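What follows is the content of entry.pdb (PDB, C-alpha atoms).
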```pdb
MODEL        1
ATOM      1  CA  MET U 913       6.946  -1.426  -1.637
ATOM      2  CA  THR U 914       8.903   0.472  -4.262
ATOM      3  CA  VAL U 915       9.918   4.114  -4.567
ATOM      4  CA  ASP U 916       7.353   4.441  -7.358
ATOM      5  CA  ASP U 917       4.643   3.018  -5.052
ATOM      6  CA  VAL U 918       5.513   5.543  -2.363
ATOM      7  CA  MET U 919       5.645   8.497  -4.708
ATOM      8  CA  SER U 920       2.430   7.619  -6.537
ATOM      9  CA  ALA U 921       0.679   7.607  -3.160
ATOM     10  CA  THR U 922       2.026  11.086  -2.387
ATOM     11  CA  GLY U 923       1.355  12.572  -5.809
ATOM     12  CA  LEU U 924       4.949  13.853  -5.959
ATOM     13  CA  SER U 925       7.567  13.034  -8.556
ATOM     14  CA  ARG U 926      10.208  10.342  -8.113
ATOM     15  CA  PRO U 927      13.080  12.911  -7.948
ATOM     16  CA  SER U 928      11.363  14.480  -4.919
ATOM     17  CA  PHE U 929      11.906  11.228  -3.040
ATOM     18  CA  TYR U 930      15.657  11.456  -3.487
ATOM     19  CA  GLU U 931      15.780  14.930  -1.990
ATOM     20  CA  TYR U 932      15.006  13.308   1.383
ATOM     21  CA  PHE U 933      16.077   9.659   1.114
ATOM     22  CA  ARG U 934      19.004   7.774  -0.419
ATOM     23  CA  ASP U 935      16.881   4.741  -1.279
ATOM     24  CA  ARG U 936      13.817   2.755  -0.216
ATOM     25  CA  ASN U 937      15.590   1.231   2.780
ATOM     26  CA  HIS U 938      16.656   4.665   4.026
ATOM     27  CA  LEU U 939      12.960   5.597   4.013
ATOM     28  CA  ILE U 940      12.157   2.404   5.907
ATOM     29  CA  ILE U 941      14.858   3.153   8.484
ATOM     30  CA  ARG U 942      13.420   6.642   9.048
ATOM     31  CA  LEU U 943       9.909   5.243   9.343
ATOM     32  CA  THR U 944      11.206   2.639  11.759
ATOM     33  CA  GLU U 945      12.764   5.316  13.920
ATOM     34  CA  ARG U 946       9.396   7.046  14.055
ATOM     35  CA  LEU U 947       7.642   3.738  14.709
ATOM     36  CA  GLY U 948      10.038   3.085  17.586
ATOM     37  CA  ASP U 949       9.435   6.561  19.001
ATOM     38  CA  TRP U 950       5.656   6.107  18.733
ATOM     39  CA  THR U 951       5.918   2.707  20.419
ATOM     40  CA  LEU U 952       7.926   4.080  23.335
ATOM     41  CA  GLN U 953       5.612   7.051  23.739
ATOM     42  CA  MET U 954       2.654   4.691  23.800
ATOM     43  CA  ALA U 955       4.211   2.142  26.190
ATOM     44  CA  GLU U 956       6.173   4.242  28.681
ATOM     45  CA  PRO U 957       3.168   5.567  30.639
ATOM     46  CA  PHE U 958       2.219   1.965  31.411
ATOM     47  CA  LEU U 959       5.703   0.593  32.018
ATOM     48  CA  VAL U 960       7.403   3.347  34.008
ATOM     49  CA  ASN U 961       6.255   3.415  37.646
ATOM     50  CA  PRO U 962       2.622   2.347  37.177
ATOM     51  CA  ASP U 963       0.430   2.423  40.288
ATOM     52  CA  GLU U 964      -1.217  -0.874  39.339
ATOM     53  CA  PRO U 965       1.258  -2.889  37.222
ATOM     54  CA  VAL U 966      -1.110  -5.756  36.388
ATOM     55  CA  ARG U 967      -3.842  -3.358  35.259
ATOM     56  CA  ALA U 968      -1.210  -1.386  33.339
ATOM     57  CA  LEU U 969      -0.319  -4.533  31.384
ATOM     58  CA  GLU U 970      -3.964  -5.084  30.491
ATOM     59  CA  THR U 971      -4.320  -1.521  29.230
ATOM     60  CA  LEU U 972      -1.004  -1.740  27.420
ATOM     61  CA  ALA U 973      -2.149  -4.903  25.623
ATOM     62  CA  GLU U 974      -5.193  -2.963  24.408
ATOM     63  CA  ARG U 975      -3.009  -0.133  23.127
ATOM     64  CA  VAL U 976      -0.505  -2.493  21.487
ATOM     65  CA  VAL U 977      -3.227  -4.250  19.502
ATOM     66  CA  GLU U 978      -4.657  -0.885  18.409
ATOM     67  CA  PHE U 979      -1.174   0.328  17.513
ATOM     68  CA  TYR U 980      -0.418  -2.739  15.392
ATOM     69  CA  ARG U 981      -3.800  -2.473  13.695
ATOM     70  CA  GLU U 982      -3.038   1.131  12.723
ATOM     71  CA  ARG U 983       0.672   0.834  11.934
ATOM     72  CA  GLY U 984       1.274  -2.855  11.322
ATOM     73  CA  HIS U 985       1.847  -2.230   7.624
ATOM     74  CA  LEU U 986       4.939  -0.199   8.544
ATOM     75  CA  LEU U 987       6.187  -2.965  10.807
ATOM     76  CA  LYS U 988       5.725  -5.538   8.062
ATOM     77  CA  ALA U 989       7.672  -3.408   5.570
ATOM     78  CA  PHE U 990      10.400  -2.931   8.138
ATOM     79  CA  VAL U 991      10.708  -6.628   9.012
ATOM     80  CA  ASP U 992      10.707  -7.578   5.325
ATOM     81  CA  ALA U 993      13.400  -5.015   4.517
ATOM     82  CA  ALA U 994      15.510  -6.082   7.510
ATOM     83  CA  THR U 995      15.956  -9.522   5.969
ATOM     84  CA  GLN U 996      17.533  -7.910   2.899
ATOM     85  CA  ASP U 997      19.510  -4.950   4.227
ATOM     86  CA  ALA U 998      22.000  -4.907   7.123
ATOM     87  CA  ARG U 999      21.320  -1.203   7.770
ATOM     88  CA  VAL U1000      17.626  -1.858   8.246
ATOM     89  CA  GLU U1001      18.359  -4.878  10.451
ATOM     90  CA  PHE U1002      20.684  -2.731  12.583
ATOM     91  CA  ALA U1003      17.955  -0.090  12.960
ATOM     92  CA  ARG U1004      15.396  -2.791  13.788
ATOM     93  CA  ARG U1005      17.596  -4.235  16.510
ATOM     94  CA  GLY U1006      18.193  -0.769  17.932
ATOM     95  CA  GLN U1007      14.480  -0.009  18.143
ATOM     96  CA  LEU U1008      13.751  -3.381  19.698
ATOM     97  CA  ARG U1009      16.545  -2.845  22.251
ATOM     98  CA  ARG U1010      15.125   0.543  23.272
ATOM     99  CA  LEU U1011      11.718  -0.955  23.952
ATOM    100  CA  ALA U1012      13.180  -4.080  25.578
ATOM    101  CA  ASP U1013      15.179  -1.884  27.948
ATOM    102  CA  THR U1014      11.950  -0.172  29.033
ATOM    103  CA  VAL U1015      10.184  -3.510  29.543
ATOM    104  CA  ALA U1016      13.208  -4.890  31.430
ATOM    105  CA  GLY U1017      13.044  -1.832  33.701
ATOM    106  CA  PHE U1018       9.379  -2.601  34.393
ATOM    107  CA  ILE U1019      10.335  -6.188  35.261
ATOM    108  CA  ARG U1020      13.192  -5.064  37.517
ATOM    109  CA  ALA U1021      10.857  -2.694  39.355
ATOM    110  CA  GLY U1022       8.491  -5.624  39.937
ATOM    111  CA  MET U1023      11.388  -7.734  41.179
ATOM    112  CA  GLU U1024      12.395  -5.000  43.634
ATOM    113  CA  LYS U1025       8.817  -4.898  44.950
ATOM    114  CA  GLY U1026       8.753  -8.694  45.205
ATOM    115  CA  SER U1027       5.852  -9.160  42.775
ATOM    116  CA  ILE U1028       8.032 -10.672  40.024
ATOM    117  CA  SER U1029      10.700 -13.300  40.572
ATOM    118  CA  GLY U1030      12.698 -16.048  38.959
ATOM    119  CA  ILE U1031      13.204 -14.548  35.513
ATOM    120  CA  ASP U1032      15.944 -12.760  33.591
ATOM    121  CA  PRO U1033      14.510  -9.280  32.902
ATOM    122  CA  ASP U1034      16.469  -8.675  29.702
ATOM    123  CA  LEU U1035      15.794 -12.046  28.103
ATOM    124  CA  VAL U1036      12.129 -12.123  29.101
ATOM    125  CA  ALA U1037      11.602  -8.567  27.850
ATOM    126  CA  SER U1038      13.094  -9.438  24.451
ATOM    127  CA  ALA U1039      11.161 -12.713  24.232
ATOM    128  CA  LEU U1040       7.841 -11.059  25.075
ATOM    129  CA  LEU U1041       8.345  -8.276  22.548
ATOM    130  CA  LEU U1042       9.373 -10.618  19.753
ATOM    131  CA  MET U1043       6.419 -12.860  20.569
ATOM    132  CA  ASP U1044       4.037  -9.879  20.459
ATOM    133  CA  GLU U1045       5.465  -8.714  17.147
ATOM    134  CA  ALA U1046       5.262 -12.096  15.410
ATOM    135  CA  PHE U1047       1.877 -12.941  16.914
ATOM    136  CA  LEU U1048       0.252  -9.658  15.929
ATOM    137  CA  ARG U1049       1.761  -9.600  12.432
ATOM    138  CA  GLU U1050       0.311 -13.058  11.838
ATOM    139  CA  GLU U1051      -3.085 -12.483  13.452
ATOM    140  CA  LEU U1052      -3.697  -9.040  12.011
ATOM    141  CA  ASN U1053      -2.978 -10.308   8.503
ATOM    142  CA  ARG U1054      -6.158 -12.339   8.817
ATOM    143  CA  ASP U1055      -8.293  -9.187   8.727
ATOM    144  CA  GLU U1056     -10.766 -10.468  11.294
ATOM    145  CA  PRO U1057     -12.282  -7.302  12.762
ATOM    146  CA  ASP U1058     -13.982  -9.212  15.573
ATOM    147  CA  ASN U1059     -10.773 -10.670  17.007
ATOM    148  CA  HIS U1060      -9.660  -7.471  18.776
ATOM    149  CA  ASP U1061     -10.769  -8.479  22.273
ATOM    150  CA  ARG U1062      -9.362 -11.993  21.866
ATOM    151  CA  LEU U1063      -5.976 -10.597  20.841
ATOM    152  CA  VAL U1064      -5.896  -8.183  23.783
ATOM    153  CA  THR U1065      -6.897 -10.905  26.251
ATOM    154  CA  THR U1066      -4.326 -13.320  24.844
ATOM    155  CA  LEU U1067      -1.423 -10.872  25.088
ATOM    156  CA  ALA U1068      -2.384  -9.627  28.544
ATOM    157  CA  THR U1069      -2.792 -13.190  29.818
ATOM    158  CA  ILE U1070       0.602 -14.282  28.511
ATOM    159  CA  TRP U1071       2.399 -11.291  30.019
ATOM    160  CA  LYS U1072       0.612 -11.634  33.371
ATOM    161  CA  ARG U1073       1.261 -15.375  33.595
ATOM    162  CA  ILE U1074       4.912 -15.039  32.714
ATOM    163  CA  LEU U1075       5.605 -12.038  34.945
ATOM    164  CA  TYR U1076       3.214 -12.563  37.841
ATOM    165  CA  LYS U1077       2.316 -16.243  37.506
ATOM    166  CA  LEU U1078      -1.379 -15.230  37.412
TER     167      LEU U1078
ENDMDL
END
```

Would you mind giving the structure from this file in structure tokens?
Amino acid sequence: MTVDDVMSATGLSRPSFYEYFRDRNHLIIRLTERLGDWTLQMAEPFLVNPDEPVRALETLAERVVEFYRERGHLLKAFVDAATQDARVEFARRGQLRRLADTVAGFIRAGMEKGSISGIDPDLVASALLLMDEAFLREELNRDEPDNHDRLVTTLATIWKRILYKL
């Protein structure tokens, strides 16, 4: 993705880009911030005080797959840019930490209720999120429209088995 690619898609001139962004990676950082906000807004209703935590995970898996299908191209650009720019990597880690903190809170709540035990909430939250990210980037690159239900079932099963030993 280049500045010219972005601007040709908008129909605006290249100088217009620089009125808002310093460079391509600054754009990616801003998009990543929005992606992180969207992710939290999508996930929080399922992770903060759900009435039925196991069912919430199943519904969340559905939403995550839909989210990655719709916005996975942004995630891919962000991950690619993070390997080349320390600023983007810093932003990526910050967004991941925000979401991991929410997931860790969900795990801690389950531990307090006695439904989850024997795991480190922070490490498991990070591991699950990184697994989801890598798994969905890989699987959704295949462009198999019929794999939606399989992806949802796979993610929900992994999370439930790790957290609840189901």

Result set, the PyMOL selection byres ((chain U and resi 987-994) around 9) on current file, as a CSV table (one decimal) with C-alpha atoms, in the frame of the given file:
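The resulting selection-v6.csv:
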```csv
chain,number,residue,atom,x,y,z
U,913,MET,CA,6.9,-1.4,-1.6
U,937,ASN,CA,15.6,1.2,2.8
U,940,ILE,CA,12.2,2.4,5.9
U,941,ILE,CA,14.9,3.2,8.5
U,943,LEU,CA,9.9,5.2,9.3
U,944,THR,CA,11.2,2.6,11.8
U,947,LEU,CA,7.6,3.7,14.7
U,980,TYR,CA,-0.4,-2.7,15.4
U,983,ARG,CA,0.7,0.8,11.9
U,984,GLY,CA,1.3,-2.9,11.3
U,985,HIS,CA,1.8,-2.2,7.6
U,986,LEU,CA,4.9,-0.2,8.5
U,995,THR,CA,16.0,-9.5,6.0
U,996,GLN,CA,17.5,-7.9,2.9
U,997,ASP,CA,19.5,-5.0,4.2
U,998,ALA,CA,22.0,-4.9,7.1
U,999,ARG,CA,21.3,-1.2,7.8
U,1000,VAL,CA,17.6,-1.9,8.2
U,1001,GLU,CA,18.4,-4.9,10.5
U,1002,PHE,CA,20.7,-2.7,12.6
U,1003,ALA,CA,18.0,-0.1,13.0
U,1004,ARG,CA,15.4,-2.8,13.8
U,1045,GLU,CA,5.5,-8.7,17.1
U,1049,ARG,CA,1.8,-9.6,12.4
```

So which residues touch U:Val918 within 12 Å, counting all atoms listed in the file, skipping near sequence neighbours fewer than 2 positions away, as a VMD selection string? chain U and resid 913 to 916 920 to 930 933 935 to 936 939 to 940

In Å, how far is it from atom CA of U:Ala1037 to atom CA of U:Leu959?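 Spanning atom CA of U:Ala1037 to atom CA of U:Leu959 is a straight-line distance of 11.7 Å.
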
Ref. answer, residues at most 12 Å from (6.8, 6.1, 22.3) with only C-alpha atoms, as a PDB file with C-alpha atoms, in the coordinates of the input:
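Resulting contents of part_19.pdb:
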```
ATOM      1  CA  THR U 944      11.206   2.639  11.759  1.00  0.00           C
ATOM      2  CA  GLU U 945      12.764   5.316  13.920  1.00  0.00           C
ATOM      3  CA  ARG U 946       9.396   7.046  14.055  1.00  0.00           C
ATOM      4  CA  LEU U 947       7.642   3.738  14.709  1.00  0.00           C
ATOM      5  CA  GLY U 948      10.038   3.085  17.586  1.00  0.00           C
ATOM      6  CA  ASP U 949       9.435   6.561  19.001  1.00  0.00           C
ATOM      7  CA  TRP U 950       5.656   6.107  18.733  1.00  0.00           C
ATOM      8  CA  THR U 951       5.918   2.707  20.419  1.00  0.00           C
ATOM      9  CA  LEU U 952       7.926   4.080  23.335  1.00  0.00           C
ATOM     10  CA  GLN U 953       5.612   7.051  23.739  1.00  0.00           C
ATOM     11  CA  MET U 954       2.654   4.691  23.800  1.00  0.00           C
ATOM     12  CA  ALA U 955       4.211   2.142  26.190  1.00  0.00           C
ATOM     13  CA  GLU U 956       6.173   4.242  28.681  1.00  0.00           C
ATOM     14  CA  PRO U 957       3.168   5.567  30.639  1.00  0.00           C
ATOM     15  CA  PHE U 958       2.219   1.965  31.411  1.00  0.00           C
ATOM     16  CA  LEU U 959       5.703   0.593  32.018  1.00  0.00           C
ATOM     17  CA  ARG U 975      -3.009  -0.133  23.127  1.00  0.00           C
ATOM     18  CA  VAL U 976      -0.505  -2.493  21.487  1.00  0.00           C
ATOM     19  CA  PHE U 979      -1.174   0.328  17.513  1.00  0.00           C
ATOM     20  CA  GLN U1007      14.480  -0.009  18.143  1.00  0.00           C
ATOM     21  CA  ARG U1010      15.125   0.543  23.272  1.00  0.00           C
ATOM     22  CA  LEU U1011      11.718  -0.955  23.952  1.00  0.00           C
ATOM     23  CA  THR U1014      11.950  -0.172  29.033  1.00  0.00           C
TER      24      THR U1014
END
```

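For the pair atom CA of U:Trp1071 and atom CA of U:Arg1054, the separation is 22.9 Å.
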
In terms of the shortest atom-to-atom distance over only C-alpha atoms, which of U:Tyr932, U:Gly1030, U:Leu1035, U:Ile1070 is closest to U:Phe1047?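 Looking at the shortest contact to U:Phe1047, the residue is U:Ile1070.
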
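Residues surrounding U:Ser1038 within 8 Å are Leu1008, Arg1009, Ala1012, Asp1034 and Leu1042 of chain U [only C-alpha atoms; sequence separation below 4 positions excluded].
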
In Å and to one decimal, atom CA of U:Val1015 is distant from atom CA of U:Pro1033 by 8.0 Å

Within 9 Å of U:Ser1027, counting all atoms listed in the file, which residues qualify if same-chain residues fewer than 3 places away don't, as a ChimeraX atom specification? /U:1021-1024,1075-1076

Assuming the input is short of atoms at stretch 999-1029 of chain U, produce N, CA and C atoms for that part as a PDB file, keeping the file's coordinate frame.
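In the end it all went to result_35.pdb:
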```pdb
ATOM      1  N   ARG U 999      21.601  -2.491   7.120  1.00  0.00           N
ATOM      2  CA  ARG U 999      21.320  -1.203   7.770  1.00  0.00           C
ATOM      3  C   ARG U 999      19.942  -1.217   8.417  1.00  0.00           C
ATOM      4  N   VAL U1000      18.986  -1.780   7.714  1.00  0.00           N
ATOM      5  CA  VAL U1000      17.626  -1.858   8.246  1.00  0.00           C
ATOM      6  C   VAL U1000      17.604  -2.809   9.441  1.00  0.00           C
ATOM      7  N   GLU U1001      18.297  -3.927   9.332  1.00  0.00           N
ATOM      8  CA  GLU U1001      18.359  -4.878  10.451  1.00  0.00           C
ATOM      9  C   GLU U1001      18.999  -4.221  11.676  1.00  0.00           C
ATOM     10  N   PHE U1002      20.032  -3.440  11.481  1.00  0.00           N
ATOM     11  CA  PHE U1002      20.684  -2.731  12.583  1.00  0.00           C
ATOM     12  C   PHE U1002      19.702  -1.758  13.240  1.00  0.00           C
ATOM     13  N   ALA U1003      18.959  -1.022  12.428  1.00  0.00           N
ATOM     14  CA  ALA U1003      17.955  -0.090  12.960  1.00  0.00           C
ATOM     15  C   ALA U1003      16.862  -0.852  13.702  1.00  0.00           C
ATOM     16  N   ARG U1004      16.430  -1.980  13.148  1.00  0.00           N
ATOM     17  CA  ARG U1004      15.396  -2.791  13.788  1.00  0.00           C
ATOM     18  C   ARG U1004      15.854  -3.253  15.164  1.00  0.00           C
ATOM     19  N   ARG U1005      17.068  -3.764  15.224  1.00  0.00           N
ATOM     20  CA  ARG U1005      17.596  -4.235  16.510  1.00  0.00           C
ATOM     21  C   ARG U1005      17.706  -3.094  17.514  1.00  0.00           C
ATOM     22  N   GLY U1006      18.098  -1.927  17.044  1.00  0.00           N
ATOM     23  CA  GLY U1006      18.193  -0.769  17.932  1.00  0.00           C
ATOM     24  C   GLY U1006      16.845  -0.371  18.513  1.00  0.00           C
ATOM     25  N   GLN U1007      15.815  -0.359  17.676  1.00  0.00           N
ATOM     26  CA  GLN U1007      14.480  -0.009  18.143  1.00  0.00           C
ATOM     27  C   GLN U1007      13.954  -1.054  19.119  1.00  0.00           C
ATOM     28  N   LEU U1008      14.182  -2.311  18.800  1.00  0.00           N
ATOM     29  CA  LEU U1008      13.751  -3.381  19.698  1.00  0.00           C
ATOM     30  C   LEU U1008      14.479  -3.275  21.036  1.00  0.00           C
ATOM     31  N   ARG U1009      15.760  -2.959  21.010  1.00  0.00           N
ATOM     32  CA  ARG U1009      16.545  -2.845  22.251  1.00  0.00           C
ATOM     33  C   ARG U1009      16.019  -1.716  23.119  1.00  0.00           C
ATOM     34  N   ARG U1010      15.666  -0.584  22.502  1.00  0.00           N
ATOM     35  CA  ARG U1010      15.125   0.543  23.272  1.00  0.00           C
ATOM     36  C   ARG U1010      13.854   0.133  24.020  1.00  0.00           C
ATOM     37  N   LEU U1011      12.965  -0.529  23.322  1.00  0.00           N
ATOM     38  CA  LEU U1011      11.718  -0.955  23.952  1.00  0.00           C
ATOM     39  C   LEU U1011      11.976  -2.060  24.970  1.00  0.00           C
ATOM     40  N   ALA U1012      12.857  -2.995  24.647  1.00  0.00           N
ATOM     41  CA  ALA U1012      13.180  -4.080  25.578  1.00  0.00           C
ATOM     42  C   ALA U1012      13.799  -3.527  26.862  1.00  0.00           C
ATOM     43  N   ASP U1013      14.595  -2.497  26.747  1.00  0.00           N
ATOM     44  CA  ASP U1013      15.179  -1.884  27.948  1.00  0.00           C
ATOM     45  C   ASP U1013      14.089  -1.311  28.853  1.00  0.00           C
ATOM     46  N   THR U1014      13.071  -0.720  28.258  1.00  0.00           N
ATOM     47  CA  THR U1014      11.950  -0.172  29.033  1.00  0.00           C
ATOM     48  C   THR U1014      11.170  -1.298  29.706  1.00  0.00           C
ATOM     49  N   VAL U1015      10.902  -2.362  28.968  1.00  0.00           N
ATOM     50  CA  VAL U1015      10.184  -3.510  29.543  1.00  0.00           C
ATOM     51  C   VAL U1015      11.023  -4.157  30.642  1.00  0.00           C
ATOM     52  N   ALA U1016      12.326  -4.302  30.411  1.00  0.00           N
ATOM     53  CA  ALA U1016      13.208  -4.890  31.430  1.00  0.00           C
ATOM     54  C   ALA U1016      13.205  -4.029  32.692  1.00  0.00           C
ATOM     55  N   GLY U1017      13.143  -2.719  32.538  1.00  0.00           N
ATOM     56  CA  GLY U1017      13.044  -1.832  33.701  1.00  0.00           C
ATOM     57  C   GLY U1017      11.758  -2.069  34.477  1.00  0.00           C
ATOM     58  N   PHE U1018      10.660  -2.276  33.758  1.00  0.00           N
ATOM     59  CA  PHE U1018       9.379  -2.601  34.393  1.00  0.00           C
ATOM     60  C   PHE U1018       9.507  -3.905  35.191  1.00  0.00           C
ATOM     61  N   ILE U1019      10.160  -4.896  34.592  1.00  0.00           N
ATOM     62  CA  ILE U1019      10.335  -6.188  35.261  1.00  0.00           C
ATOM     63  C   ILE U1019      11.211  -6.025  36.496  1.00  0.00           C
ATOM     64  N   ARG U1020      12.300  -5.287  36.369  1.00  0.00           N
ATOM     65  CA  ARG U1020      13.192  -5.064  37.517  1.00  0.00           C
ATOM     66  C   ARG U1020      12.463  -4.360  38.666  1.00  0.00           C
ATOM     67  N   ALA U1021      11.627  -3.392  38.310  1.00  0.00           N
ATOM     68  CA  ALA U1021      10.857  -2.694  39.355  1.00  0.00           C
ATOM     69  C   ALA U1021       9.944  -3.684  40.070  1.00  0.00           C
ATOM     70  N   GLY U1022       9.327  -4.591  39.325  1.00  0.00           N
ATOM     71  CA  GLY U1022       8.491  -5.624  39.937  1.00  0.00           C
ATOM     72  C   GLY U1022       9.300  -6.572  40.801  1.00  0.00           C
ATOM     73  N   MET U1023      10.513  -6.863  40.386  1.00  0.00           N
ATOM     74  CA  MET U1023      11.388  -7.734  41.179  1.00  0.00           C
ATOM     75  C   MET U1023      11.776  -7.048  42.490  1.00  0.00           C
ATOM     76  N   GLU U1024      12.051  -5.748  42.421  1.00  0.00           N
ATOM     77  CA  GLU U1024      12.395  -5.000  43.634  1.00  0.00           C
ATOM     78  C   GLU U1024      11.225  -4.960  44.606  1.00  0.00           C
ATOM     79  N   LYS U1025      10.010  -4.911  44.094  1.00  0.00           N
ATOM     80  CA  LYS U1025       8.817  -4.898  44.950  1.00  0.00           C
ATOM     81  C   LYS U1025       8.424  -6.298  45.403  1.00  0.00           C
ATOM     82  N   GLY U1026       9.054  -7.318  44.829  1.00  0.00           N
ATOM     83  CA  GLY U1026       8.753  -8.694  45.205  1.00  0.00           C
ATOM     84  C   GLY U1026       7.570  -9.316  44.482  1.00  0.00           C
ATOM     85  N   SER U1027       7.007  -8.615  43.487  1.00  0.00           N
ATOM     86  CA  SER U1027       5.852  -9.160  42.775  1.00  0.00           C
ATOM     87  C   SER U1027       6.244 -10.002  41.558  1.00  0.00           C
ATOM     88  N   ILE U1028       7.504  -9.886  41.141  1.00  0.00           N
ATOM     89  CA  ILE U1028       8.032 -10.672  40.024  1.00  0.00           C
ATOM     90  C   ILE U1028       9.307 -11.338  40.511  1.00  0.00           C
ATOM     91  N   SER U1029       9.466 -12.613  40.159  1.00  0.00           N
ATOM     92  CA  SER U1029      10.700 -13.300  40.572  1.00  0.00           C
ATOM     93  C   SER U1029      11.027 -14.431  39.607  1.00  0.00           C
TER      94      SER U1029
END
```
